[in-house]
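As stored in data.cif (mmCIF, C-alpha atoms):
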data_my_file
loop_
_atom_site.label_atom_id
_atom_site.label_comp_id
_atom_site.auth_asym_id
_atom_site.auth_seq_id
_atom_site.Cartn_x
_atom_site.Cartn_y
_atom_site.Cartn_z
CA MET A 9 -18.05 -3.59 -10.61
CA ALA A 10 -14.83 -1.91 -9.57
CA LEU A 11 -14.60 1.80 -8.82
CA THR A 12 -13.14 3.65 -11.84
CA LYS A 13 -12.14 7.19 -12.75
CA ALA A 14 -15.46 7.65 -14.53
CA GLU A 15 -17.39 6.92 -11.33
CA MET A 16 -15.09 9.16 -9.33
CA ALA A 17 -15.74 12.04 -11.72
CA GLU A 18 -19.47 11.30 -11.60
CA HIS A 19 -19.28 11.50 -7.81
CA LEU A 20 -17.66 14.97 -7.92
CA PHE A 21 -20.43 16.05 -10.26
CA GLU A 22 -23.15 14.73 -7.94
CA LYS A 23 -21.57 15.94 -4.71
CA PHE A 24 -20.37 19.40 -5.77
CA GLY A 25 -22.27 20.03 -9.02
CA MET A 26 -18.91 20.26 -10.75
CA ASN A 27 -18.91 20.43 -14.55
CA LYS A 28 -18.41 16.84 -15.79
CA THR A 29 -15.49 17.68 -18.07
CA VAL A 30 -13.69 19.48 -15.24
CA ALA A 31 -14.49 16.67 -12.81
CA LYS A 32 -12.90 14.14 -15.19
CA SER A 33 -9.85 16.33 -15.55
CA ILE A 34 -9.47 16.74 -11.76
CA VAL A 35 -9.65 12.97 -11.23
CA GLU A 36 -7.04 12.48 -13.97
CA HIS A 37 -4.75 15.12 -12.42
CA PHE A 38 -5.23 13.66 -8.94
CA PHE A 39 -3.65 10.37 -10.07
CA GLU A 40 -1.11 12.12 -12.32
CA GLN A 41 0.20 14.23 -9.38
CA ILE A 42 0.78 11.03 -7.42
CA ARG A 43 2.54 9.41 -10.39
CA MET A 44 4.72 12.49 -10.91
CA ALA A 45 5.83 12.55 -7.27
CA LEU A 46 6.69 8.83 -7.35
CA GLU A 47 8.47 9.22 -10.68
CA ALA A 48 10.58 11.98 -9.08
CA GLY A 49 11.50 9.57 -6.30
CA GLU A 50 9.22 11.12 -3.71
CA GLU A 51 6.95 9.04 -1.48
CA VAL A 52 3.28 9.99 -1.28
CA LYS A 53 1.45 10.03 2.04
CA LEU A 54 -2.33 10.26 1.99
CA SER A 55 -3.43 10.36 5.61
CA GLY A 56 -6.52 8.28 6.29
CA PHE A 57 -5.69 6.09 3.30
CA GLY A 58 -2.08 5.01 3.07
CA ASN A 59 1.43 5.68 1.80
CA PHE A 60 2.91 4.96 -1.60
CA GLU A 61 6.54 4.09 -1.07
CA LEU A 62 9.45 3.35 -3.37
CA ARG A 63 11.76 0.38 -3.07
CA THR A 64 14.97 -0.12 -4.94
CA LYS A 65 15.68 -3.73 -5.77
CA ASN A 66 19.05 -5.13 -6.69
CA GLU A 67 19.52 -7.48 -9.59
CA ARG A 68 18.69 -11.04 -8.56
CA PRO A 69 18.73 -14.42 -10.26
CA GLY A 70 15.47 -15.48 -11.86
CA ARG A 71 14.27 -17.94 -14.42
CA ASN A 72 11.87 -18.13 -17.28
CA PRO A 73 9.04 -20.25 -15.82
CA LYS A 74 8.18 -21.65 -19.25
CA THR A 75 11.61 -22.74 -20.43
CA GLY A 76 13.41 -23.07 -17.08
CA GLU A 77 16.19 -20.90 -18.51
CA ASP A 78 18.19 -18.83 -15.97
CA ILE A 79 17.76 -15.11 -16.59
CA PRO A 80 18.84 -12.35 -14.20
CA ILE A 81 16.00 -10.04 -13.00
CA SER A 82 17.44 -6.56 -13.53
CA ALA A 83 17.76 -3.96 -10.75
CA ARG A 84 14.64 -1.83 -10.54
CA ARG A 85 12.64 0.67 -8.58
CA VAL A 86 9.09 -0.33 -7.64
CA VAL A 87 6.10 1.26 -5.92
CA THR A 88 4.63 -0.36 -2.83
CA PHE A 89 1.48 0.71 -1.01
CA ARG A 90 1.28 0.60 2.76
CA PRO A 91 -2.31 1.02 3.91
CA GLY A 92 -2.79 3.30 6.91
CA GLN A 93 -4.14 2.10 10.25
CA LYS A 94 -7.53 3.72 9.61
CA LEU A 95 -8.00 2.04 6.21
CA LYS A 96 -6.87 -1.33 7.60
CA GLN A 97 -9.47 -1.07 10.35
CA ARG A 98 -12.23 -0.15 7.94
CA VAL A 99 -11.37 -3.00 5.58
CA CYS A 100 -10.59 -5.90 7.91
CA ASN A 101 -14.18 -7.17 8.17
CA ALA A 102 -15.20 -6.33 4.61
CA LYS A 103 -17.11 -8.91 2.59
CA PRO A 104 -15.64 -9.03 -0.92
CA GLN A 105 -18.35 -8.34 -3.51
CA MET B 24 4.27 14.53 -0.96
CA THR B 25 1.49 14.73 1.58
CA LYS B 26 -2.23 15.09 1.01
CA SER B 27 -2.04 18.84 1.64
CA GLU B 28 0.82 19.24 -0.83
CA LEU B 29 -1.19 17.29 -3.40
CA ILE B 30 -4.11 19.65 -2.76
CA GLN B 31 -1.82 22.68 -3.24
CA GLN B 32 -0.49 21.32 -6.54
CA LEU B 33 -3.99 20.69 -7.83
CA ALA B 34 -5.20 24.11 -6.63
CA ARG B 35 -2.48 25.67 -8.81
CA LEU B 36 -3.83 23.80 -11.83
CA TYR B 37 -7.40 24.89 -11.15
CA PRO B 38 -7.36 28.61 -10.33
CA GLU B 39 -11.11 28.73 -11.03
CA PHE B 40 -11.66 26.84 -7.75
CA SER B 41 -10.80 28.04 -4.27
CA PRO B 42 -8.16 25.98 -2.42
CA ARG B 43 -10.95 24.96 -0.08
CA GLN B 44 -13.01 23.54 -2.95
CA VAL B 45 -10.02 21.58 -4.23
CA GLU B 46 -9.38 20.28 -0.72
CA ASP B 47 -13.01 19.12 -0.41
CA ALA B 48 -12.81 17.40 -3.80
CA VAL B 49 -9.56 15.55 -2.97
CA LYS B 50 -10.86 14.44 0.43
CA GLU B 51 -14.05 13.24 -1.21
CA LEU B 52 -12.10 11.18 -3.79
CA ILE B 53 -9.96 9.55 -1.10
CA GLU B 54 -13.03 8.85 1.02
CA GLN B 55 -14.80 7.32 -1.96
CA MET B 56 -11.82 5.02 -2.54
CA ALA B 57 -11.67 4.00 1.14
CA GLN B 58 -15.43 3.44 1.09
CA GLU B 59 -15.22 1.21 -1.97
CA LEU B 60 -12.62 -1.02 -0.31
CA SER B 61 -14.43 -1.15 3.03
CA SER B 62 -17.59 -2.30 1.27
CA GLY B 63 -15.59 -5.15 -0.27
CA GLY B 64 -15.07 -3.60 -3.70
CA ARG B 65 -12.08 -3.00 -5.93
CA ILE B 66 -10.62 0.13 -7.51
CA GLU B 67 -9.21 0.04 -11.04
CA VAL B 68 -7.42 3.03 -12.53
CA ARG B 69 -5.76 2.38 -15.87
CA GLY B 70 -2.13 3.50 -15.95
CA PHE B 71 -2.07 3.92 -12.17
CA GLY B 72 -2.99 0.59 -10.64
CA SER B 73 -5.65 -1.39 -8.87
CA PHE B 74 -6.62 -1.83 -5.25
CA SER B 75 -8.19 -5.04 -4.03
CA LEU B 76 -8.58 -7.01 -0.82
CA HIS B 77 -6.39 -9.91 0.16
CA TYR B 78 -7.45 -12.44 2.79
CA ARG B 79 -5.23 -13.19 5.77
CA ALA B 80 -6.13 -16.53 7.35
CA ALA B 81 -6.89 -16.87 11.04
CA ARG B 82 -3.79 -17.67 13.09
CA VAL B 83 -2.51 -17.95 16.59
CA GLY B 84 -0.41 -14.93 17.41
CA ARG B 85 1.48 -13.95 20.51
CA ASN B 86 1.31 -10.96 22.77
CA PRO B 87 4.89 -9.73 22.34
CA LYS B 88 5.01 -8.44 25.92
CA THR B 89 3.73 -11.48 27.79
CA GLY B 90 4.38 -14.24 25.23
CA GLU B 91 0.79 -15.32 25.73
CA ALA B 92 -0.91 -17.03 22.74
CA VAL B 93 -3.76 -15.01 21.17
CA GLU B 94 -6.27 -16.32 18.64
CA LEU B 95 -6.42 -13.93 15.68
CA GLU B 96 -9.40 -14.05 13.35
CA GLY B 97 -9.07 -14.09 9.57
CA LYS B 98 -9.20 -10.64 8.03
CA TYR B 99 -8.93 -8.70 4.80
CA VAL B 100 -6.11 -6.27 4.04
CA PRO B 101 -5.91 -3.69 1.24
CA HIS B 102 -3.56 -4.58 -1.61
CA PHE B 103 -2.23 -2.34 -4.40
CA LYS B 104 -0.84 -3.51 -7.70
CA ALA B 105 0.84 -0.77 -9.71
CA GLY B 106 -0.34 -0.39 -13.32
CA LYS B 107 1.94 -0.65 -16.34
CA GLU B 108 2.45 3.08 -16.88
CA LEU B 109 3.22 3.75 -13.21
CA ARG B 110 5.60 0.78 -13.05
CA GLU B 111 7.47 1.97 -16.11
CA ARG B 112 7.66 5.61 -15.09
CA VAL B 113 8.95 4.82 -11.61
CA ASP B 114 11.55 2.29 -12.75
CA THR B 115 14.25 4.77 -13.73
CA ILE B 116 17.31 2.89 -12.55
#
What do you get writing this file as structure tokens?
Amino acid sequence: MALTKAEMAEHLFEKFGMNKTVAKSIVEHFFEQIRMALEAGEEVKLSGFGNFELRTKNERPGRNPKTGEDIPISARRVVTFRPGQKLKQRVCNAKPQ
Amino acid sequence: MTKSELIQQLARLYPEFSPRQVEDAVKELIEQMAQELSSGGRIEVRGFGSFSLHYRAARVGRNPKTGEAVELEGKYVPHFKAGKELRERVDTI
């Protein structure tokens, strides 16, 4: 089972005795603050975890894989995540569940 | 935005907590996420995205200084896939 917001809120409740409704709201706001920064074009750096970066992509030729039809892929801005050194080290020998 | 700026923003939204309490909560959330990945799990947050592990096969690398061949073992690396809402909100071109 993957880690979800519900489990993260539950963890704040267990660890700090935080009211469950407030814990849920903090977890929601934690992700919303990151989304807002990225939406505003700002990169997000969480030391010990990694950086969320933005890349601007030009229009490029693509094709509909079903029909084979040529369709341009429009210019866009996308989020990429670059894991930090510490997270990479912790994860490299992980055994996927 | 850095982790401490994120903590400051959240502290403004939750005046009932001290900045220190908000800091502890944020650090705990990030640690829980790192812990989940290092124990081989996934993270799924609707509207934000999911984190999973991708395998990198063993390969022969080179020491860039000496040019010497080095055997590198297979390993896992963290991977993030942005969710629909995040993708749409960020794509403002």
Exercise. What are the residues of chain A that have an atom within 6 Å of an atom of chain B, counting only C-alpha atoms, as an NGL selection string?
Worked result: :A and (10-12 or 47 or 52-54 or 84-85 or 89 or 98-100 or 102-105)
For this session: Would you kindly identify which residues have an atom no farther than 12 Å from (-20.1, 11.2, -10.5), using all atoms listed in the file and the file's own coordinates, and write them out as a PyMOL selection string?
Result: (chain A and resi 11-32+35) or (chain B and resi 48+51-52+55)
Just to be explicit: take each residue in the selection above, keep C-alpha atoms, and write the result as a short mmCIF file (atom, residue, chain, number, x, y, z; two decimals), in the coordinates of the input.
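Dumped to again.cif:
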data_model
loop_
_atom_site.label_atom_id
_atom_site.label_comp_id
_atom_site.auth_asym_id
_atom_site.auth_seq_id
_atom_site.Cartn_x
_atom_site.Cartn_y
_atom_site.Cartn_z
CA LEU A 11 -14.60 1.80 -8.82
CA THR A 12 -13.14 3.65 -11.84
CA LYS A 13 -12.14 7.19 -12.75
CA ALA A 14 -15.46 7.65 -14.53
CA GLU A 15 -17.39 6.92 -11.33
CA MET A 16 -15.09 9.16 -9.33
CA ALA A 17 -15.74 12.04 -11.72
CA GLU A 18 -19.47 11.30 -11.60
CA HIS A 19 -19.28 11.50 -7.81
CA LEU A 20 -17.66 14.97 -7.92
CA PHE A 21 -20.43 16.05 -10.26
CA GLU A 22 -23.15 14.73 -7.94
CA LYS A 23 -21.57 15.94 -4.71
CA PHE A 24 -20.37 19.40 -5.77
CA GLY A 25 -22.27 20.03 -9.02
CA MET A 26 -18.91 20.26 -10.75
CA ASN A 27 -18.91 20.43 -14.55
CA LYS A 28 -18.41 16.84 -15.79
CA THR A 29 -15.49 17.68 -18.07
CA VAL A 30 -13.69 19.48 -15.24
CA ALA A 31 -14.49 16.67 -12.81
CA LYS A 32 -12.90 14.14 -15.19
CA VAL A 35 -9.65 12.97 -11.23
CA ALA B 48 -12.81 17.40 -3.80
CA GLU B 51 -14.05 13.24 -1.21
CA LEU B 52 -12.10 11.18 -3.79
CA GLN B 55 -14.80 7.32 -1.96
#
How big is the axis-aligned box around the listed atoms of stretch 86-93 of chain B once 4 Å is added on each side, and where is its centre? Give both in Å to one decimal, as JSON.
{"center_x": 0.6, "center_y": -12.7, "center_z": 24.5, "size_x": 16.8, "size_y": 16.6, "size_z": 14.6}
Exercise. Hey, which of A:Met9, A:Glu51, A:Arg63, A:Phe38 ends up closest to A:Val86? Count all atoms listed in the file.
Worked result: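 So, comparing all the options, the nearest one is A:Arg63.
Residues with any atom within 8 Å of A:Gly56, counting only C-alpha atoms and excluding same-chain neighbours fewer than 4 positions away, are Gly92, Gln93, Lys94 and Leu95 of chain A.
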Problem set entry | For B:Arg35, the nearest of the candidates A:Lys74, A:Gln41, A:Glu36, A:Gly58, counting only C-alpha atoms | A:Gln41
Exercise. How far is it from atom CA of A:Pro80 to atom CA of A:Asn66, in Å with one decimal?
Worked result: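 Atom-to-atom, atom CA of A:Pro80 and atom CA of A:Asn66 are spaced 10.4 Å apart.
Coordinates place atom CA of A:Ser33 at a distance of 16.4 Å from atom CA of B:Pro42.
Atom to atom, atom CA of A:Thr88 and atom CA of A:Asn59 stand 8.3 Å apart.
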